[in-house]
file coords-v3.pdb (PDB, C-alpha atoms)
ATOM      1  CA  MET S   1      35.314 -12.950 -14.777  1.00  0.00           C
ATOM      2  CA  GLN S   2      35.729  -9.188 -14.935  1.00  0.00           C
ATOM      3  CA  HIS S   3      33.335  -6.562 -16.268  1.00  0.00           C
ATOM      4  CA  VAL S   4      34.666  -3.116 -17.077  1.00  0.00           C
ATOM      5  CA  LEU S   5      31.915  -0.527 -16.725  1.00  0.00           C
ATOM      6  CA  ASP S   6      34.346   2.363 -16.700  1.00  0.00           C
ATOM      7  CA  PRO S   7      37.890   1.899 -18.115  1.00  0.00           C
ATOM      8  CA  ASP S   8      39.031   4.732 -15.851  1.00  0.00           C
ATOM      9  CA  GLY S   9      36.979   3.541 -12.887  1.00  0.00           C
ATOM     10  CA  ASP S  10      38.515   3.975  -9.449  1.00  0.00           C
ATOM     11  CA  MET S  11      36.636   1.146  -7.762  1.00  0.00           C
ATOM     12  CA  ILE S  12      36.677  -2.647  -7.945  1.00  0.00           C
ATOM     13  CA  LEU S  13      33.416  -4.258  -6.842  1.00  0.00           C
ATOM     14  CA  THR S  14      33.837  -7.964  -6.116  1.00  0.00           C
ATOM     15  CA  LEU S  15      30.861 -10.325  -6.050  1.00  0.00           C
ATOM     16  CA  THR S  16      31.652 -13.464  -4.079  1.00  0.00           C
ATOM     17  CA  ASN S  17      29.551 -16.615  -4.281  1.00  0.00           C
ATOM     18  CA  PRO S  18      27.739 -15.257  -7.351  1.00  0.00           C
ATOM     19  CA  ASP S  19      24.404 -16.631  -8.534  1.00  0.00           C
ATOM     20  CA  ALA S  20      23.493 -18.216  -5.210  1.00  0.00           C
ATOM     21  CA  PRO S  21      20.035 -19.815  -4.849  1.00  0.00           C
ATOM     22  CA  PHE S  22      17.493 -17.022  -4.811  1.00  0.00           C
ATOM     23  CA  ALA S  23      14.210 -16.568  -2.951  1.00  0.00           C
ATOM     24  CA  VAL S  24      13.802 -20.262  -2.185  1.00  0.00           C
ATOM     25  CA  TRP S  25      10.173 -21.380  -2.105  1.00  0.00           C
ATOM     26  CA  HIS S  26       9.191 -24.165   0.295  1.00  0.00           C
ATOM     27  CA  GLU S  27       6.722 -25.974  -1.930  1.00  0.00           C
ATOM     28  CA  ASP S  28       5.440 -28.299   0.788  1.00  0.00           C
ATOM     29  CA  ASP S  29       5.499 -25.773   3.602  1.00  0.00           C
ATOM     30  CA  SER S  30       2.992 -23.002   2.963  1.00  0.00           C
ATOM     31  CA  THR S  31       2.644 -22.612   6.728  1.00  0.00           C
ATOM     32  CA  SER S  32       6.352 -22.109   7.431  1.00  0.00           C
ATOM     33  CA  SER S  33       7.053 -19.913  10.422  1.00  0.00           C
ATOM     34  CA  PRO S  34       8.880 -16.574  10.244  1.00  0.00           C
ATOM     35  CA  GLU S  35      11.841 -18.160  12.039  1.00  0.00           C
ATOM     36  CA  SER S  36      12.486 -20.352   8.981  1.00  0.00           C
ATOM     37  CA  GLN S  37      12.929 -17.293   6.785  1.00  0.00           C
ATOM     38  CA  ASP S  38      16.013 -15.075   6.544  1.00  0.00           C
ATOM     39  CA  LEU S  39      14.900 -11.444   6.407  1.00  0.00           C
ATOM     40  CA  SER S  40      18.344  -9.918   6.858  1.00  0.00           C
ATOM     41  CA  GLY S  41      18.759  -9.040   3.189  1.00  0.00           C
ATOM     42  CA  GLN S  42      20.841 -12.093   2.372  1.00  0.00           C
ATOM     43  CA  VAL S  43      19.252 -14.828   0.285  1.00  0.00           C
ATOM     44  CA  SER S  44      18.453 -17.868   2.397  1.00  0.00           C
ATOM     45  CA  LEU S  45      19.418 -21.393   1.338  1.00  0.00           C
ATOM     46  CA  ASP S  46      16.820 -24.130   1.311  1.00  0.00           C
ATOM     47  CA  SER S  47      18.261 -27.021   3.291  1.00  0.00           C
ATOM     48  CA  ASN S  48      15.707 -29.305   1.691  1.00  0.00           C
ATOM     49  CA  THR S  49      16.692 -28.431  -1.849  1.00  0.00           C
ATOM     50  CA  GLU S  50      18.991 -31.033  -3.342  1.00  0.00           C
ATOM     51  CA  ARG S  51      20.482 -28.601  -5.826  1.00  0.00           C
ATOM     52  CA  SER S  52      21.352 -26.109  -3.107  1.00  0.00           C
ATOM     53  CA  ASN S  53      22.987 -28.794  -0.958  1.00  0.00           C
ATOM     54  CA  LYS S  54      24.939 -30.157  -3.890  1.00  0.00           C
ATOM     55  CA  ARG S  55      26.272 -26.741  -4.773  1.00  0.00           C
ATOM     56  CA  VAL S  56      27.301 -25.882  -1.232  1.00  0.00           C
ATOM     57  CA  LYS S  57      29.120 -29.183  -0.788  1.00  0.00           C
ATOM     58  CA  THR S  58      30.910 -29.468  -4.129  1.00  0.00           C
ATOM     59  CA  SER S  59      32.418 -26.107  -5.034  1.00  0.00           C
ATOM     60  CA  THR S  60      32.435 -22.385  -4.526  1.00  0.00           C
ATOM     61  CA  PRO S  61      32.021 -20.363  -7.732  1.00  0.00           C
ATOM     62  CA  SER S  62      34.747 -17.930  -8.684  1.00  0.00           C
ATOM     63  CA  PRO S  63      34.188 -14.273  -7.760  1.00  0.00           C
ATOM     64  CA  VAL S  64      33.057 -11.821 -10.413  1.00  0.00           C
ATOM     65  CA  THR S  65      34.589  -8.352 -10.460  1.00  0.00           C
ATOM     66  CA  TYR S  66      33.270  -5.070 -11.829  1.00  0.00           C
ATOM     67  CA  ARG S  67      35.457  -2.057 -12.529  1.00  0.00           C
ATOM     68  CA  ILE S  68      33.222   0.891 -11.785  1.00  0.00           C
ATOM     69  CA  SER S  69      33.222   4.578 -10.923  1.00  0.00           C
ATOM     70  CA  SER S  70      32.692   5.539  -7.288  1.00  0.00           C
ATOM     71  CA  ARG S  71      31.539   8.923  -8.546  1.00  0.00           C
ATOM     72  CA  HIS S  72      28.671   7.343 -10.487  1.00  0.00           C
ATOM     73  CA  LEU S  73      27.627   5.380  -7.408  1.00  0.00           C
ATOM     74  CA  SER S  74      27.719   8.518  -5.279  1.00  0.00           C
ATOM     75  CA  LEU S  75      25.575  10.441  -7.747  1.00  0.00           C
ATOM     76  CA  ALA S  76      23.038   7.633  -7.901  1.00  0.00           C
ATOM     77  CA  SER S  77      22.312   7.295  -4.197  1.00  0.00           C
ATOM     78  CA  ARG S  78      22.643   9.046  -0.866  1.00  0.00           C
ATOM     79  CA  ARG S  79      23.804   5.844   0.767  1.00  0.00           C
ATOM     80  CA  SER S  80      26.708   5.566  -1.673  1.00  0.00           C
ATOM     81  CA  ARG S  81      27.645   9.180  -0.973  1.00  0.00           C
ATOM     82  CA  LYS S  82      27.827   8.392   2.733  1.00  0.00           C
ATOM     83  CA  MET S  83      29.826   5.236   2.055  1.00  0.00           C
ATOM     84  CA  ARG S  84      32.285   7.203  -0.086  1.00  0.00           C
ATOM     85  CA  HIS S  85      33.623   8.957   3.007  1.00  0.00           C
ATOM     86  CA  ARG S  86      34.590   5.558   4.401  1.00  0.00           C
ATOM     87  CA  TRP S  87      36.158   4.490   1.099  1.00  0.00           C
ATOM     88  CA  GLU S  88      38.456   7.498   0.756  1.00  0.00           C
ATOM     89  CA  PRO S  89      41.100   6.460   3.328  1.00  0.00           C
ATOM     90  CA  LYS S  90      41.026   2.845   2.124  1.00  0.00           C
ATOM     91  CA  LYS S  91      42.312   3.157  -1.439  1.00  0.00           C
ATOM     92  CA  GLU S  92      44.676   0.229  -1.918  1.00  0.00           C
ATOM     93  CA  SER S  93      48.125   0.097  -3.481  1.00  0.00           C
ATOM     94  CA  ASP S  94      46.658  -0.560  -6.927  1.00  0.00           C
ATOM     95  CA  GLY S  95      45.000   2.864  -6.780  1.00  0.00           C
ATOM     96  CA  HIS S  96      41.439   1.513  -6.492  1.00  0.00           C
ATOM     97  CA  PHE S  97      38.813   1.367  -3.806  1.00  0.00           C
ATOM     98  CA  HIS S  98      37.694  -2.203  -3.136  1.00  0.00           C
ATOM     99  CA  ILE S  99      34.256  -3.245  -1.921  1.00  0.00           C
ATOM    100  CA  SER S 100      32.644  -6.675  -1.907  1.00  0.00           C
ATOM    101  CA  VAL S 101      29.144  -8.114  -1.888  1.00  0.00           C
ATOM    102  CA  GLU S 102      27.932 -11.699  -1.907  1.00  0.00           C
ATOM    103  CA  ASP S 103      25.292 -14.103  -3.188  1.00  0.00           C
ATOM    104  CA  TRP S 104      23.750 -11.754  -5.762  1.00  0.00           C
ATOM    105  CA  ASP S 105      23.007 -12.657  -9.344  1.00  0.00           C
ATOM    106  CA  SER S 106      25.973 -11.596 -11.481  1.00  0.00           C
ATOM    107  CA  GLN S 107      23.835 -10.577 -14.461  1.00  0.00           C
ATOM    108  CA  ALA S 108      21.453  -8.576 -12.281  1.00  0.00           C
ATOM    109  CA  LEU S 109      24.392  -6.712 -10.775  1.00  0.00           C
ATOM    110  CA  LEU S 110      25.796  -6.044 -14.246  1.00  0.00           C
ATOM    111  CA  THR S 111      22.428  -4.668 -15.380  1.00  0.00           C
ATOM    112  CA  VAL S 112      22.222  -2.347 -12.374  1.00  0.00           C
ATOM    113  CA  MET S 113      25.764  -1.094 -12.920  1.00  0.00           C
ATOM    114  CA  ASN S 114      25.067  -0.508 -16.614  1.00  0.00           C
ATOM    115  CA  ILE S 115      22.125   1.697 -15.626  1.00  0.00           C
ATOM    116  CA  ILE S 116      24.166   3.583 -13.027  1.00  0.00           C
ATOM    117  CA  HIS S 117      26.981   4.165 -15.548  1.00  0.00           C
ATOM    118  CA  LEU S 118      24.522   5.347 -18.226  1.00  0.00           C
ATOM    119  CA  ARG S 119      25.316   2.420 -20.539  1.00  0.00           C
ATOM    120  CA  HIS S 120      21.694   2.215 -21.608  1.00  0.00           C
ATOM    121  CA  ARG S 121      22.352   0.245 -24.790  1.00  0.00           C
ATOM    122  CA  GLN S 122      23.593  -2.560 -22.571  1.00  0.00           C
ATOM    123  CA  VAL S 123      20.374  -2.604 -20.551  1.00  0.00           C
ATOM    124  CA  PRO S 124      17.867  -5.239 -21.760  1.00  0.00           C
ATOM    125  CA  ASP S 125      14.419  -4.133 -22.906  1.00  0.00           C
ATOM    126  CA  ASP S 126      12.792  -7.314 -21.629  1.00  0.00           C
ATOM    127  CA  ILE S 127      13.569  -9.293 -18.491  1.00  0.00           C
ATOM    128  CA  THR S 128      11.820 -11.919 -16.406  1.00  0.00           C
ATOM    129  CA  LEU S 129      10.078 -11.310 -13.093  1.00  0.00           C
ATOM    130  CA  GLU S 130      12.845 -13.383 -11.501  1.00  0.00           C
ATOM    131  CA  MET S 131      15.540 -11.065 -12.846  1.00  0.00           C
ATOM    132  CA  LEU S 132      13.557  -7.958 -11.907  1.00  0.00           C
ATOM    133  CA  SER S 133      13.297  -9.272  -8.342  1.00  0.00           C
ATOM    134  CA  LYS S 134      17.062  -9.754  -8.221  1.00  0.00           C
ATOM    135  CA  ILE S 135      17.619  -6.244  -9.571  1.00  0.00           C
ATOM    136  CA  ALA S 136      15.251  -4.926  -6.893  1.00  0.00           C
ATOM    137  CA  VAL S 137      17.385  -6.531  -4.162  1.00  0.00           C
ATOM    138  CA  ILE S 138      20.500  -4.767  -5.449  1.00  0.00           C
ATOM    139  CA  GLY S 139      18.723  -1.478  -6.066  1.00  0.00           C
ATOM    140  CA  ASP S 140      17.241  -1.533  -2.577  1.00  0.00           C
ATOM    141  CA  TYR S 141      20.594  -2.322  -0.957  1.00  0.00           C
ATOM    142  CA  PHE S 142      22.398   0.577  -2.626  1.00  0.00           C
ATOM    143  CA  GLU S 143      19.285   2.799  -2.579  1.00  0.00           C
ATOM    144  CA  PHE S 144      19.361   3.194  -6.354  1.00  0.00           C
ATOM    145  CA  HIS S 145      15.565   3.472  -6.486  1.00  0.00           C
ATOM    146  CA  GLU S 146      15.398   6.716  -8.447  1.00  0.00           C
ATOM    147  CA  ALA S 147      18.228   5.776 -10.810  1.00  0.00           C
ATOM    148  CA  ILE S 148      16.559   2.484 -11.756  1.00  0.00           C
ATOM    149  CA  GLU S 149      12.995   3.810 -11.720  1.00  0.00           C
ATOM    150  CA  VAL S 150      12.579   4.486 -15.457  1.00  0.00           C
ATOM    151  CA  SER S 151      13.769   1.019 -16.464  1.00  0.00           C
ATOM    152  CA  ALA S 152      11.797  -0.606 -13.651  1.00  0.00           C
ATOM    153  CA  LYS S 153       8.547   1.053 -14.749  1.00  0.00           C
ATOM    154  CA  ALA S 154       9.049  -0.187 -18.299  1.00  0.00           C
ATOM    155  CA  TRP S 155       9.787  -3.739 -17.141  1.00  0.00           C
ATOM    156  CA  ILE S 156       6.828  -3.784 -14.744  1.00  0.00           C
ATOM    157  CA  GLY S 157       4.545  -2.489 -17.487  1.00  0.00           C
ATOM    158  CA  LYS S 158       5.481  -5.390 -19.735  1.00  0.00           C
ATOM    159  CA  LEU S 159       5.240  -7.986 -16.982  1.00  0.00           C
ATOM    160  CA  GLN S 160       2.091  -6.919 -15.139  1.00  0.00           C
ATOM    161  CA  ARG S 161      -0.181  -9.076 -17.296  1.00  0.00           C
ATOM    162  CA  THR S 162       1.537 -12.094 -15.673  1.00  0.00           C
ATOM    163  CA  LEU S 163       0.452 -11.083 -12.141  1.00  0.00           C
ATOM    164  CA  PRO S 164      -0.767 -14.324 -10.501  1.00  0.00           C
ATOM    165  CA  LYS S 165      -4.363 -14.591  -9.350  1.00  0.00           C
ATOM    166  CA  SER S 166      -3.544 -16.955  -6.485  1.00  0.00           C
ATOM    167  CA  TYR S 167      -0.916 -17.349  -3.762  1.00  0.00           C
ATOM    168  CA  CYS S 168       2.419 -18.593  -5.125  1.00  0.00           C
ATOM    169  CA  ARG S 169       6.104 -17.694  -5.266  1.00  0.00           C
ATOM    170  CA  ASP S 170       5.671 -15.296  -8.200  1.00  0.00           C
ATOM    171  CA  LEU S 171       3.033 -13.390  -6.242  1.00  0.00           C
ATOM    172  CA  ILE S 172       5.529 -12.741  -3.425  1.00  0.00           C
ATOM    173  CA  LEU S 173       8.118 -11.666  -6.002  1.00  0.00           C
ATOM    174  CA  TRP S 174       5.556  -9.118  -7.223  1.00  0.00           C
ATOM    175  CA  VAL S 175       5.052  -7.860  -3.663  1.00  0.00           C
ATOM    176  CA  TRP S 176       8.793  -7.343  -3.325  1.00  0.00           C
ATOM    177  CA  VAL S 177       9.263  -5.656  -6.712  1.00  0.00           C
ATOM    178  CA  CYS S 178       6.324  -3.297  -6.266  1.00  0.00           C
ATOM    179  CA  HIS S 179       7.399  -2.411  -2.738  1.00  0.00           C
ATOM    180  CA  VAL S 180      10.903  -1.464  -3.895  1.00  0.00           C
ATOM    181  CA  PHE S 181       9.765   0.464  -6.963  1.00  0.00           C
ATOM    182  CA  HIS S 182       6.675   2.028  -5.366  1.00  0.00           C
ATOM    183  CA  ASN S 183       3.934   0.567  -7.559  1.00  0.00           C
ATOM    184  CA  GLU S 184       1.163   0.868  -4.996  1.00  0.00           C
ATOM    185  CA  ASP S 185      -1.684  -0.390  -7.197  1.00  0.00           C
ATOM    186  CA  ILE S 186      -0.109  -3.742  -8.046  1.00  0.00           C
ATOM    187  CA  LEU S 187       1.281  -4.007  -4.512  1.00  0.00           C
ATOM    188  CA  LYS S 188      -2.196  -3.732  -2.985  1.00  0.00           C
ATOM    189  CA  THR S 189      -3.595  -6.295  -5.419  1.00  0.00           C
ATOM    190  CA  ALA S 190      -0.771  -8.758  -4.762  1.00  0.00           C
ATOM    191  CA  ILE S 191      -0.988  -8.433  -0.979  1.00  0.00           C
ATOM    192  CA  THR S 192      -4.775  -8.799  -1.044  1.00  0.00           C
ATOM    193  CA  THR S 193      -4.435 -12.008  -3.058  1.00  0.00           C
ATOM    194  CA  ALA S 194      -1.701 -13.373  -0.777  1.00  0.00           C
ATOM    195  CA  VAL S 195      -3.666 -12.628   2.393  1.00  0.00           C
ATOM    196  CA  ARG S 196      -6.845 -14.101   0.927  1.00  0.00           C
ATOM    197  CA  ASP S 197      -5.361 -17.315  -0.463  1.00  0.00           C
ATOM    198  CA  CYS S 198      -2.435 -18.238   1.804  1.00  0.00           C
ATOM    199  CA  PRO S 199      -3.598 -20.982   4.225  1.00  0.00           C
ATOM    200  CA  GLY S 200      -0.952 -20.157   6.818  1.00  0.00           C
ATOM    201  CA  GLN S 201       2.153 -18.000   7.277  1.00  0.00           C
ATOM    202  CA  ILE S 202       3.064 -16.083   4.130  1.00  0.00           C
ATOM    203  CA  GLN S 203       6.595 -16.930   3.006  1.00  0.00           C
ATOM    204  CA  GLY S 204       8.925 -13.934   2.983  1.00  0.00           C
ATOM    205  CA  LEU S 205      11.487 -15.623   0.682  1.00  0.00           C
ATOM    206  CA  GLY S 206      14.323 -13.956   2.569  1.00  0.00           C
ATOM    207  CA  PHE S 207      13.533 -10.455   1.313  1.00  0.00           C
ATOM    208  CA  PRO S 208      14.406  -7.649   3.727  1.00  0.00           C
ATOM    209  CA  MET S 209      11.470  -6.365   5.760  1.00  0.00           C
ATOM    210  CA  LEU S 210       8.886  -8.243   3.678  1.00  0.00           C
ATOM    211  CA  ASP S 211       7.178  -9.523   6.824  1.00  0.00           C
ATOM    212  CA  GLN S 212       6.691  -5.912   7.904  1.00  0.00           C
ATOM    213  CA  ILE S 213       5.113  -5.087   4.541  1.00  0.00           C
ATOM    214  CA  ILE S 214       2.556  -7.885   4.512  1.00  0.00           C
ATOM    215  CA  VAL S 215       1.732  -8.515   8.179  1.00  0.00           C
ATOM    216  CA  PRO S 216       0.530  -4.988   9.044  1.00  0.00           C
ATOM    217  CA  ARG S 217      -1.623  -4.902   5.923  1.00  0.00           C
ATOM    218  CA  ARG S 218      -2.952  -8.358   6.738  1.00  0.00           C
ATOM    219  CA  THR S 219      -3.847  -7.196  10.240  1.00  0.00           C
ATOM    220  CA  ARG S 220      -5.573  -4.090   8.898  1.00  0.00           C
ATOM    221  CA  GLY S 221      -7.412  -6.258   6.401  1.00  0.00           C
ATOM    222  CA  GLU S 222      -8.606  -8.621   9.116  1.00  0.00           C
ATOM    223  CA  GLU S 223      -9.735  -5.660  11.230  1.00  0.00           C
ATOM    224  CA  GLN S 224     -11.604  -4.236   8.271  1.00  0.00           C
ATOM    225  CA  GLN S 225     -13.186  -7.622   7.566  1.00  0.00           C
ATOM    226  CA  GLN S 226     -14.268  -7.885  11.208  1.00  0.00           C
ATOM    227  CA  SER S 227     -15.654  -4.360  11.011  1.00  0.00           C
ATOM    228  CA  ASN S 228     -17.590  -5.249   7.866  1.00  0.00           C
ATOM    229  CA  LEU S 229     -19.011  -8.346   9.576  1.00  0.00           C
ATOM    230  CA  SER S 230     -20.074  -6.238  12.558  1.00  0.00           C
ATOM    231  CA  MET S 231     -21.768  -3.726  10.260  1.00  0.00           C
ATOM    232  CA  GLU S 232     -23.530  -6.546   8.418  1.00  0.00           C
ATOM    233  CA  SER S 233     -24.715  -7.929  11.774  1.00  0.00           C
ATOM    234  CA  VAL S 234     -26.046  -4.532  12.836  1.00  0.00           C
ATOM    235  CA  HIS S 235     -27.720  -4.062   9.465  1.00  0.00           C
ATOM    236  CA  SER S 236     -29.297  -7.519   9.666  1.00  0.00           C
ATOM    237  CA  GLU S 237     -30.618  -6.867  13.184  1.00  0.00           C
ATOM    238  CA  MET S 238     -32.069  -3.506  12.145  1.00  0.00           C
ATOM    239  CA  THR S 239     -33.735  -5.114   9.134  1.00  0.00           C
ATOM    240  CA  CYS S 240     -35.310  -7.806  11.324  1.00  0.00           C
ATOM    241  CA  LYS S 241     -36.623  -5.198  13.797  1.00  0.00           C
ATOM    242  CA  THR S 242     -38.098  -3.156  10.946  1.00  0.00           C
ATOM    243  CA  THR S 243     -39.751  -6.230   9.475  1.00  0.00           C
ATOM    244  CA  ARG S 244     -41.303  -7.218  12.841  1.00  0.00           C
ATOM    245  CA  ARG S 245     -42.508  -3.640  13.434  1.00  0.00           C
ATOM    246  CA  ASP S 246     -44.117  -3.492   9.985  1.00  0.00           C
ATOM    247  CA  ALA S 247     -45.752  -6.820  10.584  1.00  0.00           C
ATOM    248  CA  LEU S 248     -47.224  -5.659  13.913  1.00  0.00           C
ATOM    249  CA  THR S 249     -48.404  -2.413  12.342  1.00  0.00           C
ATOM    250  CA  SER S 250     -50.160  -4.316   9.566  1.00  0.00           C
ATOM    251  CA  ALA S 251     -51.750  -6.653  12.087  1.00  0.00           C
ATOM    252  CA  GLY S 252     -53.010  -3.706  14.151  1.00  0.00           C
ATOM    253  CA  ALA S 253     -54.523  -2.110  11.067  1.00  0.00           C
ATOM    254  CA  ALA S 254     -56.366  -5.325  10.258  1.00  0.00           C
ATOM    255  CA  PHE S 255     -58.121  -5.276  13.641  1.00  0.00           C
TER     256      PHE S 255
END

call {"tool": "encode", "arguments": {"input": "coords-v3.pdb", "output": "structure tokens"}}
result
Amino acid sequence: MQHVLDPDGDMILTLTNPDAPFAVWHEDDSTSSPESQDLSGQVSLDSNTERSNKRVKTSTPSPVTYRISSRHLSLASRRSRKMRHRWEPKKESDGHFHISVEDWDSQALLTVMNIIHLRHRQVPDDITLEMLSKIAVIGDYFEFHEAIEVSAKAWIGKLQRTLPKSYCRDLILWVWVCHVFHNEDILKTAITTAVRDCPGQIQGLGFPMLDQIIVPRRTRGEEQQQSNLSMESVHSEMTCKTTRRDALTSAGAAF
């Protein structure tokens, strides 16, 4: 399948292994260790998921290509501008630059490229949290944060009423989305809920650096909780001393 974002585009972006399993949740392993998670930026496959195994064994989906403008990419992010210098000497005989990515959701990539190419009528008004998480992966990779920000704020605004009140996969998706698009209020709420309710190791779902987002905040939270307990202990001891002193004073007055 080919999508033409710019009929005069000078770049062909090829997505191999499109629509791979995304952010796999280990339902029976809430205490999975960090080693079982892939935090490299590539989506990890769940070896225990029958659907994932079946797909890997049976067939490889056909690549999806996008004809795009390298100029639009360069304007949208500093990283793309830096990458452009490496593309310049590598224009192929067909007159196009060629780059490839893998495993991403093909519709999420199309949505991101529509935004970057100012095809706003092709950008959906409503999307799911799942799709927003996939868009966040792509936006974070290319550093399209500012370019996607307006759409992301609108999507988050419509979805925030669905923020889970307990630890689950959707809650971690919210952590990822709000980290990428800098929604600090929802991010704090989601992390607080995850730290409070997760019985063991919080699952990173393969998102880049997610362990470094949650773990430091969890540590600070535990330190704060310990500090609060210490303050409560001091307060309790002071209250007891005051009570005993008042009691002795009253007894002395009675004599």

call {"tool": "residues_around", "arguments": {"input": "coords-v3.pdb", "residues": "Asp125 of chain S", "least_positions_apart": "4", "cutoff": "9 Å", "atoms": "only C-alpha atoms", "output": "PDB file with C-alpha atoms, in the coordinates of the input"}}
result
ATOM      1  CA  SER S 151      13.769   1.019 -16.464  1.00  0.00           C
ATOM      2  CA  ALA S 154       9.049  -0.187 -18.299  1.00  0.00           C
ATOM      3  CA  TRP S 155       9.787  -3.739 -17.141  1.00  0.00           C
TER       4      TRP S 155
END

call {"tool": "resolve_selection", "arguments": {"input": "coords-v3.pdb", "expression": "the PyMOL selection byres ((chain S and resi 7-14) around 6)", "output": "VMD selection string"}}
result
chain S and resid 6 15 64 to 70 96 to 100

call {"tool": "resolve_selection", "arguments": {"input": "coords-v3.pdb", "expression": "the PyMOL selection byres ((chain S and resi 175) around 12)", "output": "PyMOL selection string"}}
result
chain S and resi 129+132-133+136+156+160+163-164+167-174+176-195+202-205+207-214

call {"tool": "closest_residue", "arguments": {"input": "coords-v3.pdb", "among": "S:Thr60, S:Pro199, S:Arg161, S:Leu5", "to": "Thr111 of chain S", "atoms": "only C-alpha atoms"}}
result
S:Leu5

call {"tool": "closest_residue", "arguments": {"input": "coords-v3.pdb", "among": "S:Ile116, S:Thr128, S:Ala108, S:Ser80", "to": "Phe142 of chain S", "atoms": "only C-alpha atoms"}}
result
S:Ser80

call {"tool": "atom_distance", "arguments": {"input": "coords-v3.pdb", "atom1": "atom CA of Lys82 of chain S", "atom2": "atom CA of Glu143 of chain S"}}
result
11.5 Å

call {"tool": "atom_distance", "arguments": {"input": "coords-v3.pdb", "atom1": "atom CA of His120 of chain S", "atom2": "atom CA of Ala20 of chain S"}}
result
26.3 Å

call {"tool": "closest_residue", "arguments": {"input": "coords-v3.pdb", "among": "S:Phe144, S:Gly157, S:Val137, S:Ala152", "to": "Trp104 of chain S", "atoms": "only C-alpha atoms"}}
result
S:Val137

call {"tool": "atom_distance", "arguments": {"input": "coords-v3.pdb", "atom1": "atom CA of Gly95 of chain S", "atom2": "atom CA of Pro63 of chain S"}}
result
20.3 Å

call {"tool": "closest_residue", "arguments": {"input": "coords-v3.pdb", "among": "S:Ser74, S:Val123, S:Ser106, S:Val24", "to": "Val150 of chain S", "atoms": "all atoms listed in the file"}}
result
S:Val123

call {"tool": "axis_aligned_box", "arguments": {"input": "coords-v3.pdb", "around": "segment 119-125 of chain S", "padding_each_side": "8 Å", "output": "JSON"}}
result
{"center_x": 19.9, "center_y": -1.4, "center_z": -22.7, "size_x": 26.9, "size_y": 23.7, "size_z": 20.3}

call {"tool": "residues_near_point", "arguments": {"input": "coords-v3.pdb", "point": "(21.6, 9.6, -5.8)", "cutoff": "9 Å", "atoms": "only C-alpha atoms", "output": "MDAnalysis selection string"}}
result
chainID S and resid 72:81 143:147
